[in-house]
file protein.txt (compact mmCIF, C-alpha atoms)
# COMPACT_ATOMS: atom_id res chain seq x y z
CA MET A 995 -35.19 7.05 0.59
CA ARG A 996 -31.77 8.73 0.80
CA ARG A 997 -30.48 6.46 -1.96
CA HIS A 998 -33.41 7.39 -4.22
CA LEU A 999 -32.84 11.09 -3.58
CA ARG A 1000 -29.17 10.72 -4.45
CA THR A 1001 -30.05 8.91 -7.67
CA ALA A 1002 -32.57 11.60 -8.59
CA ALA A 1003 -29.99 14.35 -7.93
CA VAL A 1004 -27.40 12.59 -10.10
CA LEU A 1005 -29.88 12.16 -12.93
CA LEU A 1006 -30.88 15.81 -12.66
CA VAL A 1007 -27.26 16.95 -12.90
CA ALA A 1008 -26.57 14.63 -15.84
CA GLY A 1009 -29.71 15.82 -17.62
CA ALA A 1010 -28.86 19.48 -17.10
CA LEU A 1011 -25.33 19.01 -18.44
CA MET A 1012 -26.57 17.03 -21.44
CA ALA A 1013 -29.09 19.79 -22.17
CA LEU A 1014 -26.27 22.33 -22.13
CA PHE A 1015 -24.15 20.03 -24.27
CA LEU A 1016 -26.86 19.65 -26.93
CA ARG A 1017 -27.98 23.28 -26.89
CA ASN A 1018 -28.27 24.82 -30.37
CA THR A 1019 -27.29 21.52 -31.97
CA ASP A 1020 -28.59 20.04 -35.23
CA LEU A 1021 -28.70 16.34 -34.38
CA ARG A 1022 -29.03 15.34 -38.03
CA GLN A 1023 -25.88 17.25 -38.88
CA VAL A 1024 -24.16 15.68 -35.87
CA GLY A 1025 -24.95 12.29 -37.38
CA VAL A 1026 -23.46 13.41 -40.69
CA GLU A 1027 -20.31 14.59 -38.89
CA MET A 1028 -19.97 11.26 -37.07
CA ALA A 1029 -20.45 9.26 -40.27
CA GLY A 1030 -17.84 11.35 -42.04
CA ALA A 1031 -15.16 11.22 -39.33
CA ALA A 1032 -11.81 9.80 -40.45
CA ARG A 1033 -11.57 6.15 -39.42
CA ALA A 1034 -7.78 5.70 -39.05
CA PRO A 1035 -7.37 8.26 -36.21
CA LEU A 1036 -10.32 6.70 -34.38
CA VAL A 1037 -8.76 3.23 -34.55
CA LEU A 1038 -5.47 4.63 -33.25
CA ALA A 1039 -7.33 6.40 -30.44
CA LEU A 1040 -8.95 3.11 -29.48
CA LEU A 1041 -5.54 1.40 -29.33
CA LEU A 1042 -4.12 4.22 -27.20
CA THR A 1043 -7.04 3.85 -24.80
CA GLY A 1044 -6.04 0.23 -24.25
CA CYS A 1045 -2.46 1.35 -23.56
CA THR A 1046 -3.62 3.75 -20.85
CA TYR A 1047 -5.03 0.93 -18.71
CA ALA A 1048 -1.82 -1.08 -19.03
CA LEU A 1049 0.12 2.01 -17.94
CA ARG A 1050 -2.27 2.58 -15.04
CA ALA A 1051 -1.77 -1.00 -13.86
CA LEU A 1052 2.03 -0.68 -14.15
CA ARG A 1053 2.06 2.55 -12.11
CA TRP A 1054 -0.29 1.10 -9.49
CA GLN A 1055 1.95 -1.96 -9.18
CA TYR A 1056 4.83 0.42 -8.45
CA LEU A 1057 2.83 2.45 -5.89
CA LEU A 1058 1.97 -0.77 -4.04
CA LEU A 1059 5.59 -1.90 -3.61
CA PRO A 1060 5.95 -0.50 -0.04
CA ILE A 1061 3.12 -2.79 1.14
CA GLY A 1062 3.77 -5.83 -1.04
CA HIS A 1063 4.55 -7.16 -4.50
CA VAL A 1064 1.53 -7.40 -6.79
CA ARG A 1065 1.34 -9.31 -10.06
CA PHE A 1066 0.86 -7.13 -13.12
CA THR A 1067 -2.03 -9.32 -14.32
CA SER A 1068 -3.85 -8.80 -11.03
CA ALA A 1069 -3.29 -5.03 -11.16
CA LEU A 1070 -4.51 -4.89 -14.77
CA THR A 1071 -7.57 -7.09 -14.18
CA THR A 1072 -8.75 -5.15 -11.15
CA THR A 1073 -8.00 -1.83 -12.88
CA LEU A 1074 -10.26 -2.81 -15.80
CA ILE A 1075 -13.00 -4.05 -13.47
CA GLY A 1076 -12.73 -0.93 -11.32
CA PHE A 1077 -13.01 1.45 -14.26
CA ALA A 1078 -15.90 -0.60 -15.65
CA ALA A 1079 -17.67 -0.23 -12.30
CA THR A 1080 -17.06 3.53 -12.39
CA ALA A 1081 -18.52 3.65 -15.91
CA LEU A 1082 -21.61 1.56 -15.11
CA LEU A 1083 -22.37 2.16 -11.43
CA PRO A 1084 -23.17 5.40 -9.58
CA ALA A 1085 -21.02 7.33 -7.11
CA ARG A 1086 -17.71 6.30 -8.72
CA ALA A 1087 -18.02 2.87 -7.14
CA GLY A 1088 -14.92 1.57 -8.90
CA GLU A 1089 -12.66 3.77 -6.77
CA LEU A 1090 -13.62 1.68 -3.74
CA LEU A 1091 -14.03 -1.69 -5.44
CA ARG A 1092 -10.68 -1.66 -7.25
CA PRO A 1093 -8.45 -1.63 -4.14
CA TYR A 1094 -10.80 -3.99 -2.29
CA MET A 1095 -10.69 -6.60 -5.06
CA LEU A 1096 -6.91 -6.35 -5.51
CA ALA A 1097 -6.33 -6.65 -1.76
CA ARG A 1098 -8.51 -9.76 -1.62
CA LYS A 1099 -6.77 -11.28 -4.66
CA GLU A 1100 -3.21 -10.54 -3.49
CA GLY A 1101 -3.61 -10.89 0.27
CA LEU A 1102 -3.01 -7.22 1.10
CA SER A 1103 -4.71 -4.85 3.50
CA ALA A 1104 -7.71 -3.21 1.78
CA THR A 1105 -7.17 -0.01 3.79
CA ALA A 1106 -3.51 0.28 2.79
CA THR A 1107 -4.38 -0.52 -0.83
CA PHE A 1108 -7.06 2.18 -0.84
CA ALA A 1109 -4.47 4.69 0.40
CA THR A 1110 -2.49 4.13 -2.80
CA ILE A 1111 -5.56 5.18 -4.81
CA ILE A 1112 -5.46 8.57 -3.07
CA VAL A 1113 -1.78 8.98 -4.00
CA GLU A 1114 -2.63 7.86 -7.54
CA ARG A 1115 -5.32 10.52 -7.89
CA LEU A 1116 -2.99 13.25 -6.62
CA LEU A 1117 -0.32 12.17 -9.12
CA ASP A 1118 -2.92 12.24 -11.90
CA THR A 1119 -3.97 15.77 -11.01
CA LEU A 1120 -0.39 17.00 -10.73
CA THR A 1121 0.53 15.47 -14.10
CA VAL A 1122 -2.45 17.05 -15.84
CA LEU A 1123 -1.54 20.41 -14.31
CA VAL A 1124 2.11 20.04 -15.41
CA LEU A 1125 0.98 19.35 -18.97
CA PHE A 1126 -1.41 22.29 -18.80
CA ALA A 1127 1.42 24.52 -17.59
CA ALA A 1128 3.58 23.29 -20.47
CA TYR A 1129 0.78 24.24 -22.85
CA LEU A 1130 0.69 27.74 -21.39
CA LEU A 1131 4.42 28.37 -21.02
CA VAL A 1132 6.19 26.32 -23.69
CA PHE A 1133 3.82 25.81 -26.59
CA ASP A 1134 1.94 28.39 -28.61
CA PRO A 1135 -1.55 28.21 -27.10
CA GLY A 1136 -3.22 29.05 -30.40
CA THR A 1137 -6.52 29.71 -28.64
CA ARG A 1138 -9.25 32.05 -29.82
CA THR A 1139 -10.82 32.72 -26.45
CA ASP A 1140 -10.85 36.04 -24.63
CA GLU A 1141 -8.17 36.93 -22.09
CA ALA A 1142 -10.59 37.03 -19.15
CA THR A 1143 -11.75 33.43 -19.72
CA PHE A 1144 -8.20 32.24 -20.26
CA GLY A 1145 -7.14 34.00 -17.07
CA GLN A 1146 -9.85 32.20 -15.11
CA VAL A 1147 -8.68 28.84 -16.45
CA LYS A 1148 -5.08 29.63 -15.48
CA LEU A 1149 -6.15 30.72 -11.98
CA GLY A 1150 -8.14 27.51 -11.53
CA GLY A 1151 -5.11 25.47 -12.57
CA ALA A 1152 -2.84 27.31 -10.15
CA LEU A 1153 -5.27 26.81 -7.24
CA ALA A 1154 -5.65 23.10 -8.06
CA ALA A 1155 -1.86 22.68 -8.18
CA GLY A 1156 -1.53 24.34 -4.78
CA ALA A 1157 -4.22 22.09 -3.33
CA CYS A 1158 -2.49 18.96 -4.67
CA LEU A 1159 0.87 19.95 -3.24
CA ALA A 1160 -0.75 20.71 0.10
CA ALA A 1161 -2.49 17.33 0.09
CA LEU A 1162 0.79 15.52 -0.67
CA ALA A 1163 2.46 17.41 2.17
CA LEU A 1164 -0.35 16.37 4.53
CA LEU A 1165 -0.05 12.73 3.45
CA PHE A 1166 3.70 12.93 4.01
CA VAL A 1167 3.13 14.16 7.57
CA ILE A 1168 0.50 11.50 8.29
CA SER A 1169 2.62 8.66 6.92
CA GLY A 1170 5.90 9.57 8.54
CA LYS A 1171 5.07 10.90 11.99
CA PRO A 1172 4.73 8.13 14.59
CA ALA A 1173 4.28 10.77 17.29
CA LEU A 1174 1.33 12.25 15.43
CA LEU A 1175 -0.25 8.80 15.14
CA ALA A 1176 0.34 8.24 18.84
CA ARG A 1177 -1.45 11.49 19.68
CA ALA A 1178 -4.32 10.51 17.40
CA ASP A 1179 -4.51 7.16 19.20
CA ALA A 1180 -4.64 8.93 22.56
CA VAL A 1181 -7.48 11.20 21.40
CA LEU A 1182 -9.43 8.23 20.05
CA MET A 1183 -9.00 6.34 23.34
CA ARG A 1184 -10.29 9.32 25.34
CA VAL A 1185 -13.40 10.10 23.32
CA LEU A 1186 -14.49 6.72 21.96
CA PRO A 1187 -15.33 3.31 23.41
CA ASP A 1188 -12.26 1.06 23.66
CA TRP A 1189 -13.36 -1.37 20.94
CA LEU A 1190 -14.13 1.42 18.44
CA ALA A 1191 -10.97 3.37 19.27
CA ALA A 1192 -8.84 0.24 18.78
CA ARG A 1193 -10.44 -0.46 15.42
CA LEU A 1194 -10.02 3.12 14.16
CA SER A 1195 -6.43 3.14 15.43
CA ARG A 1196 -5.64 0.02 13.38
CA LEU A 1197 -7.30 1.55 10.33
CA LEU A 1198 -5.28 4.75 10.74
CA ARG A 1199 -1.98 2.89 11.01
CA THR A 1200 -2.79 0.61 8.09
CA PHE A 1201 -3.80 3.60 5.99
CA ALA A 1202 -0.49 5.27 6.82
CA GLU A 1203 1.29 2.09 5.76
CA GLY A 1204 -0.36 2.38 2.35
CA LEU A 1205 1.11 5.86 2.00
CA GLY A 1206 4.61 4.43 2.32
CA ILE A 1207 5.71 5.67 -1.10
CA VAL A 1208 5.06 9.27 -0.01
CA ARG A 1209 7.95 8.89 2.46
CA GLN A 1210 10.28 7.86 -0.38
CA PRO A 1211 10.89 10.95 -2.57
CA ARG A 1212 12.79 9.03 -5.24
CA ARG A 1213 10.04 6.47 -5.64
CA LEU A 1214 7.39 9.19 -5.59
CA CYS A 1215 9.20 11.09 -8.35
CA ALA A 1216 9.51 7.87 -10.34
CA ALA A 1217 5.76 7.33 -9.97
CA LEU A 1218 5.20 10.87 -11.22
CA VAL A 1219 7.44 10.14 -14.21
CA LEU A 1220 5.38 7.02 -14.93
CA SER A 1221 2.30 9.25 -14.94
CA VAL A 1222 3.61 11.31 -17.88
CA PRO A 1223 3.35 8.61 -20.62
CA LEU A 1224 -0.01 7.59 -19.17
CA TRP A 1225 -1.47 11.06 -19.58
CA LEU A 1226 0.30 11.68 -22.89
CA SER A 1227 -1.45 8.59 -24.23
CA ILE A 1228 -4.79 9.95 -23.00
CA ALA A 1229 -3.97 13.31 -24.59
CA GLY A 1230 -3.06 11.49 -27.80
CA GLY A 1231 -6.46 9.81 -27.89
CA ILE A 1232 -8.20 13.17 -27.40
CA TRP A 1233 -6.14 14.76 -30.19
CA LEU A 1234 -6.74 11.87 -32.60
CA VAL A 1235 -10.52 11.97 -32.15
CA THR A 1236 -10.56 15.76 -32.44
CA HIS A 1237 -8.42 15.53 -35.59
CA ALA A 1238 -10.75 12.84 -37.02
CA PHE A 1239 -13.58 15.39 -36.99
CA GLY A 1240 -11.53 18.00 -38.83
CA ILE A 1241 -11.17 20.31 -35.82
CA ALA A 1242 -7.93 22.30 -36.07
CA MET A 1243 -6.10 21.86 -32.78
CA PRO A 1244 -2.37 21.37 -32.12
CA PHE A 1245 -1.37 18.28 -30.14
CA ALA A 1246 -0.45 20.46 -27.17
CA GLY A 1247 -4.00 21.81 -27.28
CA SER A 1248 -5.15 18.46 -25.94
CA PHE A 1249 -3.46 19.39 -22.65
CA VAL A 1250 -6.03 22.10 -21.97
CA LEU A 1251 -8.81 19.65 -22.88
CA LEU A 1252 -7.31 17.20 -20.39
CA ALA A 1253 -7.65 19.77 -17.62
CA LEU A 1254 -11.26 20.49 -18.55
CA LEU A 1255 -12.18 16.81 -18.89
CA VAL A 1256 -10.75 16.05 -15.46
CA VAL A 1257 -13.32 18.52 -14.12
CA GLY A 1258 -16.06 16.96 -16.24
CA VAL A 1259 -15.24 13.40 -15.16
CA ALA A 1260 -15.29 14.51 -11.50
CA VAL A 1261 -19.05 15.13 -11.80
CA PRO A 1262 -20.46 12.00 -10.07
CA THR A 1263 -22.63 10.67 -12.90
CA PRO A 1264 -22.29 7.07 -14.17
CA GLY A 1265 -19.74 6.99 -16.94
CA ALA A 1266 -19.23 10.76 -16.59
CA ILE A 1267 -22.29 11.24 -18.81
CA GLY A 1268 -23.00 14.93 -19.21
CA GLY A 1269 -19.89 16.31 -17.57
CA PHE A 1270 -17.49 14.70 -20.03
CA HIS A 1271 -19.54 15.80 -23.05
CA TYR A 1272 -20.18 19.36 -21.89
CA PHE A 1273 -16.58 20.14 -20.93
CA TYR A 1274 -15.17 18.67 -24.14
CA ARG A 1275 -17.51 20.82 -26.21
CA LEU A 1276 -16.71 23.84 -24.03
CA GLY A 1277 -13.01 23.32 -24.64
CA VAL A 1278 -12.96 22.81 -28.40
CA THR A 1279 -15.52 25.52 -29.16
CA GLY A 1280 -14.24 28.06 -26.64
CA PHE A 1281 -10.51 27.58 -27.19
CA PHE A 1282 -10.22 26.30 -30.76
CA ASP A 1283 -13.28 27.74 -32.46
CA ALA A 1284 -14.67 24.32 -33.42
CA PRO A 1285 -18.12 24.20 -35.09
CA GLY A 1286 -20.79 23.16 -32.58
CA ASN A 1287 -22.03 20.11 -34.49
CA SER A 1288 -18.49 18.81 -35.01
CA ALA A 1289 -17.72 19.33 -31.32
CA VAL A 1290 -20.84 17.40 -30.26
CA GLY A 1291 -20.07 14.51 -32.62
CA ALA A 1292 -16.44 14.34 -31.46
CA ALA A 1293 -17.49 14.42 -27.80
CA ILE A 1294 -19.90 11.50 -28.28
CA VAL A 1295 -17.30 9.40 -30.12
CA LEU A 1296 -14.50 10.24 -27.67
CA HIS A 1297 -16.72 9.33 -24.74
CA ALA A 1298 -17.62 6.01 -26.38
CA ILE A 1299 -13.96 5.18 -27.06
CA SER A 1300 -13.00 6.14 -23.50
CA PHE A 1301 -15.73 4.23 -21.65
CA VAL A 1302 -17.36 1.49 -23.77
CA PRO A 1303 -14.32 -0.79 -24.33
CA VAL A 1304 -13.30 -0.78 -20.66
CA ALA A 1305 -16.91 -1.38 -19.60
CA VAL A 1306 -17.16 -4.41 -21.89
CA ALA A 1307 -13.75 -5.74 -20.83
CA GLY A 1308 -14.60 -5.26 -17.16
CA VAL A 1309 -17.93 -7.09 -17.41
CA LEU A 1310 -16.27 -10.00 -19.24
CA LEU A 1311 -13.55 -10.19 -16.59
CA LEU A 1312 -16.22 -10.12 -13.88
CA ALA A 1313 -17.92 -13.09 -15.52
CA HIS A 1314 -14.58 -14.90 -15.62
CA GLU A 1315 -14.20 -14.19 -11.88
CA GLY A 1316 -17.65 -15.70 -11.29
CA MET A 1317 -19.19 -12.35 -10.37
CA SER A 1318 -21.80 -10.02 -11.83
CA LEU A 1319 -22.33 -6.28 -12.04
CA THR A 1320 -25.27 -6.60 -9.62
CA ARG A 1321 -23.07 -8.26 -7.03
CA LEU A 1322 -20.38 -5.65 -7.59
CA GLY A 1323 -22.94 -2.89 -6.93
CA ALA A 1324 -24.01 -4.63 -3.72
CA MET A 1325 -20.38 -4.82 -2.61
CA ALA A 1326 -19.98 -1.10 -3.27
CA ARG A 1327 -23.06 -0.30 -1.15
CA THR A 1328 -22.35 -2.63 1.76
CA GLY A 1329 -18.56 -2.69 1.76
CA ARG A 1330 -18.43 -6.51 1.89
CA ALA A 1331 -18.83 -9.45 -0.44
CA GLU A 1332 -22.27 -10.81 -1.10
CA GLY A 1333 -23.43 -14.30 -1.78
CA PRO A 1334 -23.24 -15.94 -5.21
CA ALA A 1335 -24.72 -13.83 -7.98
call {"tool": "encode", "arguments": {"input": "protein.txt", "output": "structure tokens"}}
result
Amino acid sequence: MRRHLRTAAVLLVAGALMALFLRNTDLRQVGVEMAGAARAPLVLALLLTGCTYALRALRWQYLLLPIGHVRFTSALTTTLIGFAATALLPARAGELLRPYMLARKEGLSATATFATIIVERLLDTLTVLVLFAAYLLVFDPGTRTDEATFGQVKLGGALAAGACLAALALLFVISGKPALLARADAVLMRVLPDWLAARLSRLLRTFAEGLGIVRQPRRLCAALVLSVPLWLSIAGGIWLVTHAFGIAMPFAGSFVLLALLVVGVAVPTPGAIGGFHYFYRLGVTGFFDAPGNSAVGAAIVLHAISFVPVAVAGVLLLAHEGMSLTRLGAMARTGRAEGPA
């Protein structure tokens, strides 16, 4: 029952966002805009999308070094499968399945591997916020929105940056304070049965092991540097698709769309349907005065380029691994491998 209610809530949110996205839209004209979009920028955007997953795998390989060496092919394969699962399954299942599958393939601790995903997400958020700050401080914004709206966006970015820095500081404390872990162990032993306290204690220590890179400032900075080309390639894809639809936006303008799309993708709908579309349209119409029909067409195409290729690649790789999407969904729900699909 709870699962059905969650599914209904997700569908309701996705439907509401899609209704907002398509509000006051001439669907026939949207089709005309999509048919008339420039092809060369779209092909380049598709190629850049492929590059982003290679860069993600390379950075993840680097983040995993404190717990073990991982082959690039394994990191890339599980990255593609994980993002395919996020695109096709509810509740962002790929975020859990990706570290689990890599740990099983490379003989690592799943808990420690999952900890690197948390660091990865914090680095992503910080990089997007750095690019957004560069847009505000270095480049000519060139926006046509009112000052109050722009001020709200800047405030939201500043609060998010503060939250990320605080989270990194907390992870640093957790990963590098044996005394703190000892106190946590003592609390667990007092309030929980011995078998459960011992298990949680092992999980806590293994999780801290996965945060090893946080205790190495030089490596952490290097990982942040690796995040810059990754997010510039994503920004490049956004700019190319926007340009293909004749929407006037400077390249640096894609940095503000990145910040908005991160919010849209965080909405827990399969494939970010609804959130991605609505926030892209909000950005290009509110900040760059794009026509509504062009914005809707560009959002649909950008979403397809961002999610369809990785979904197809992930399903094909799953088949090569002798698995299916159904089995992957069962693993996400139960937290363990199922029988043959």
call {"tool": "atom_distance", "arguments": {"input": "protein.txt", "atom1": "CA of Tyr1094 in chain A", "atom2": "CA of Ala1305 in chain A"}}
result
18.5 Å
call {"tool": "atom_distance", "arguments": {"input": "protein.txt", "atom1": "CA of Gly1247 in chain A", "atom2": "CA of Phe1273 in chain A"}}
result
14.2 Å
call {"tool": "residues_around", "arguments": {"input": "protein.txt", "residues": "Val1295 in chain A", "least_positions_apart": "5", "cutoff": "12 Å", "atoms": "all atoms listed in the file", "output": "ChimeraX atom specification"}}
result
/A:1024-1025,1027-1029,1031-1033,1035-1037,1039-1040,1231-1232,1234-1236,1238-1239,1270-1271,1274,1288-1290,1300-1302
call {"tool": "residues_near_point", "arguments": {"input": "protein.txt", "point": "(-4.0, 2.7, -19.1)", "cutoff": "9 Å", "atoms": "only C-alpha atoms", "output": "list in words"}}
result
Leu1042, Thr1043, Gly1044, Cys1045, Thr1046, Tyr1047, Ala1048, Leu1049, Arg1050, Ala1051, Leu1052, Leu1070, Thr1073, Leu1074, Leu1224, Trp1225, Ser1227 and Ile1228 of chain A
call {"tool": "axis_aligned_box", "arguments": {"input": "protein.txt", "around": "range 1011-1022 of chain A", "padding_each_side": "8 Å", "output": "JSON"}}
result
{"center_x": -26.6, "center_y": 20.1, "center_z": -28.2, "size_x": 20.9, "size_y": 25.5, "size_z": 35.6}
call {"tool": "decode", "arguments": {"input": "protein.txt", "residues": "range 1099-1122 of chain A", "atoms": "N, CA and C atoms", "output": "PDB file, in the first residue's frame"}}
result
ATOM      1  N   LYS A1099      31.414  -5.937  -8.399  1.00  0.00           N
ATOM      2  CA  LYS A1099      32.271  -6.237  -9.540  1.00  0.00           C
ATOM      3  C   LYS A1099      33.756  -6.157  -9.177  1.00  0.00           C
ATOM      4  N   GLU A1100      34.101  -5.175  -8.297  1.00  0.00           N
ATOM      5  CA  GLU A1100      35.512  -4.916  -7.993  1.00  0.00           C
ATOM      6  C   GLU A1100      35.951  -5.424  -6.623  1.00  0.00           C
ATOM      7  N   GLY A1101      35.043  -6.067  -5.897  1.00  0.00           N
ATOM      8  CA  GLY A1101      35.415  -6.618  -4.600  1.00  0.00           C
ATOM      9  C   GLY A1101      35.629  -5.579  -3.513  1.00  0.00           C
ATOM     10  N   LEU A1102      34.844  -4.495  -3.549  1.00  0.00           N
ATOM     11  CA  LEU A1102      34.943  -3.435  -2.555  1.00  0.00           C
ATOM     12  C   LEU A1102      33.779  -3.515  -1.575  1.00  0.00           C
ATOM     13  N   SER A1103      33.860  -2.742  -0.523  1.00  0.00           N
ATOM     14  CA  SER A1103      32.740  -2.629   0.409  1.00  0.00           C
ATOM     15  C   SER A1103      31.647  -1.759  -0.229  1.00  0.00           C
ATOM     16  N   ALA A1104      30.421  -2.243  -0.257  1.00  0.00           N
ATOM     17  CA  ALA A1104      29.316  -1.469  -0.826  1.00  0.00           C
ATOM     18  C   ALA A1104      29.059  -0.206  -0.012  1.00  0.00           C
ATOM     19  N   THR A1105      29.202  -0.292   1.303  1.00  0.00           N
ATOM     20  CA  THR A1105      28.976   0.873   2.167  1.00  0.00           C
ATOM     21  C   THR A1105      30.005   1.963   1.891  1.00  0.00           C
ATOM     22  N   ALA A1106      31.282   1.578   1.812  1.00  0.00           N
ATOM     23  CA  ALA A1106      32.331   2.551   1.526  1.00  0.00           C
ATOM     24  C   ALA A1106      32.158   3.144   0.131  1.00  0.00           C
ATOM     25  N   THR A1107      31.764   2.314  -0.821  1.00  0.00           N
ATOM     26  CA  THR A1107      31.557   2.803  -2.189  1.00  0.00           C
ATOM     27  C   THR A1107      30.399   3.786  -2.236  1.00  0.00           C
ATOM     28  N   PHE A1108      29.339   3.507  -1.484  1.00  0.00           N
ATOM     29  CA  PHE A1108      28.207   4.428  -1.436  1.00  0.00           C
ATOM     30  C   PHE A1108      28.619   5.774  -0.841  1.00  0.00           C
ATOM     31  N   ALA A1109      29.540   5.765   0.113  1.00  0.00           N
ATOM     32  CA  ALA A1109      29.995   7.020   0.714  1.00  0.00           C
ATOM     33  C   ALA A1109      30.618   7.935  -0.334  1.00  0.00           C
ATOM     34  N   THR A1110      31.293   7.348  -1.331  1.00  0.00           N
ATOM     35  CA  THR A1110      31.890   8.185  -2.375  1.00  0.00           C
ATOM     36  C   THR A1110      30.823   8.862  -3.232  1.00  0.00           C
ATOM     37  N   ILE A1111      29.635   8.264  -3.315  1.00  0.00           N
ATOM     38  CA  ILE A1111      28.542   8.890  -4.074  1.00  0.00           C
ATOM     39  C   ILE A1111      28.091  10.175  -3.374  1.00  0.00           C
ATOM     40  N   ILE A1112      28.096  10.156  -2.040  1.00  0.00           N
ATOM     41  CA  ILE A1112      27.723  11.365  -1.294  1.00  0.00           C
ATOM     42  C   ILE A1112      28.735  12.476  -1.568  1.00  0.00           C
ATOM     43  N   VAL A1113      30.036  12.133  -1.527  1.00  0.00           N
ATOM     44  CA  VAL A1113      31.066  13.130  -1.837  1.00  0.00           C
ATOM     45  C   VAL A1113      30.894  13.627  -3.277  1.00  0.00           C
ATOM     46  N   GLU A1114      30.612  12.709  -4.179  1.00  0.00           N
ATOM     47  CA  GLU A1114      30.409  13.067  -5.590  1.00  0.00           C
ATOM     48  C   GLU A1114      29.287  14.083  -5.743  1.00  0.00           C
ATOM     49  N   ARG A1115      28.182  13.863  -5.065  1.00  0.00           N
ATOM     50  CA  ARG A1115      27.037  14.776  -5.169  1.00  0.00           C
ATOM     51  C   ARG A1115      27.374  16.150  -4.583  1.00  0.00           C
ATOM     52  N   LEU A1116      28.120  16.182  -3.490  1.00  0.00           N
ATOM     53  CA  LEU A1116      28.520  17.467  -2.926  1.00  0.00           C
ATOM     54  C   LEU A1116      29.443  18.216  -3.875  1.00  0.00           C
ATOM     55  N   LEU A1117      30.367  17.508  -4.513  1.00  0.00           N
ATOM     56  CA  LEU A1117      31.257  18.136  -5.492  1.00  0.00           C
ATOM     57  C   LEU A1117      30.464  18.669  -6.682  1.00  0.00           C
ATOM     58  N   ASP A1118      29.465  17.910  -7.117  1.00  0.00           N
ATOM     59  CA  ASP A1118      28.616  18.372  -8.224  1.00  0.00           C
ATOM     60  C   ASP A1118      27.935  19.687  -7.860  1.00  0.00           C
ATOM     61  N   THR A1119      27.343  19.718  -6.669  1.00  0.00           N
ATOM     62  CA  THR A1119      26.619  20.916  -6.254  1.00  0.00           C
ATOM     63  C   THR A1119      27.556  22.114  -6.126  1.00  0.00           C
ATOM     64  N   LEU A1120      28.718  21.895  -5.531  1.00  0.00           N
ATOM     65  CA  LEU A1120      29.677  22.982  -5.389  1.00  0.00           C
ATOM     66  C   LEU A1120      30.142  23.501  -6.748  1.00  0.00           C
ATOM     67  N   THR A1121      30.383  22.598  -7.694  1.00  0.00           N
ATOM     68  CA  THR A1121      30.844  23.015  -9.024  1.00  0.00           C
ATOM     69  C   THR A1121      29.779  23.835  -9.732  1.00  0.00           C
ATOM     70  N   VAL A1122      28.543  23.384  -9.662  1.00  0.00           N
ATOM     71  CA  VAL A1122      27.449  24.134 -10.284  1.00  0.00           C
ATOM     72  C   VAL A1122      27.339  25.522  -9.665  1.00  0.00           C
TER      73      VAL A1122
END
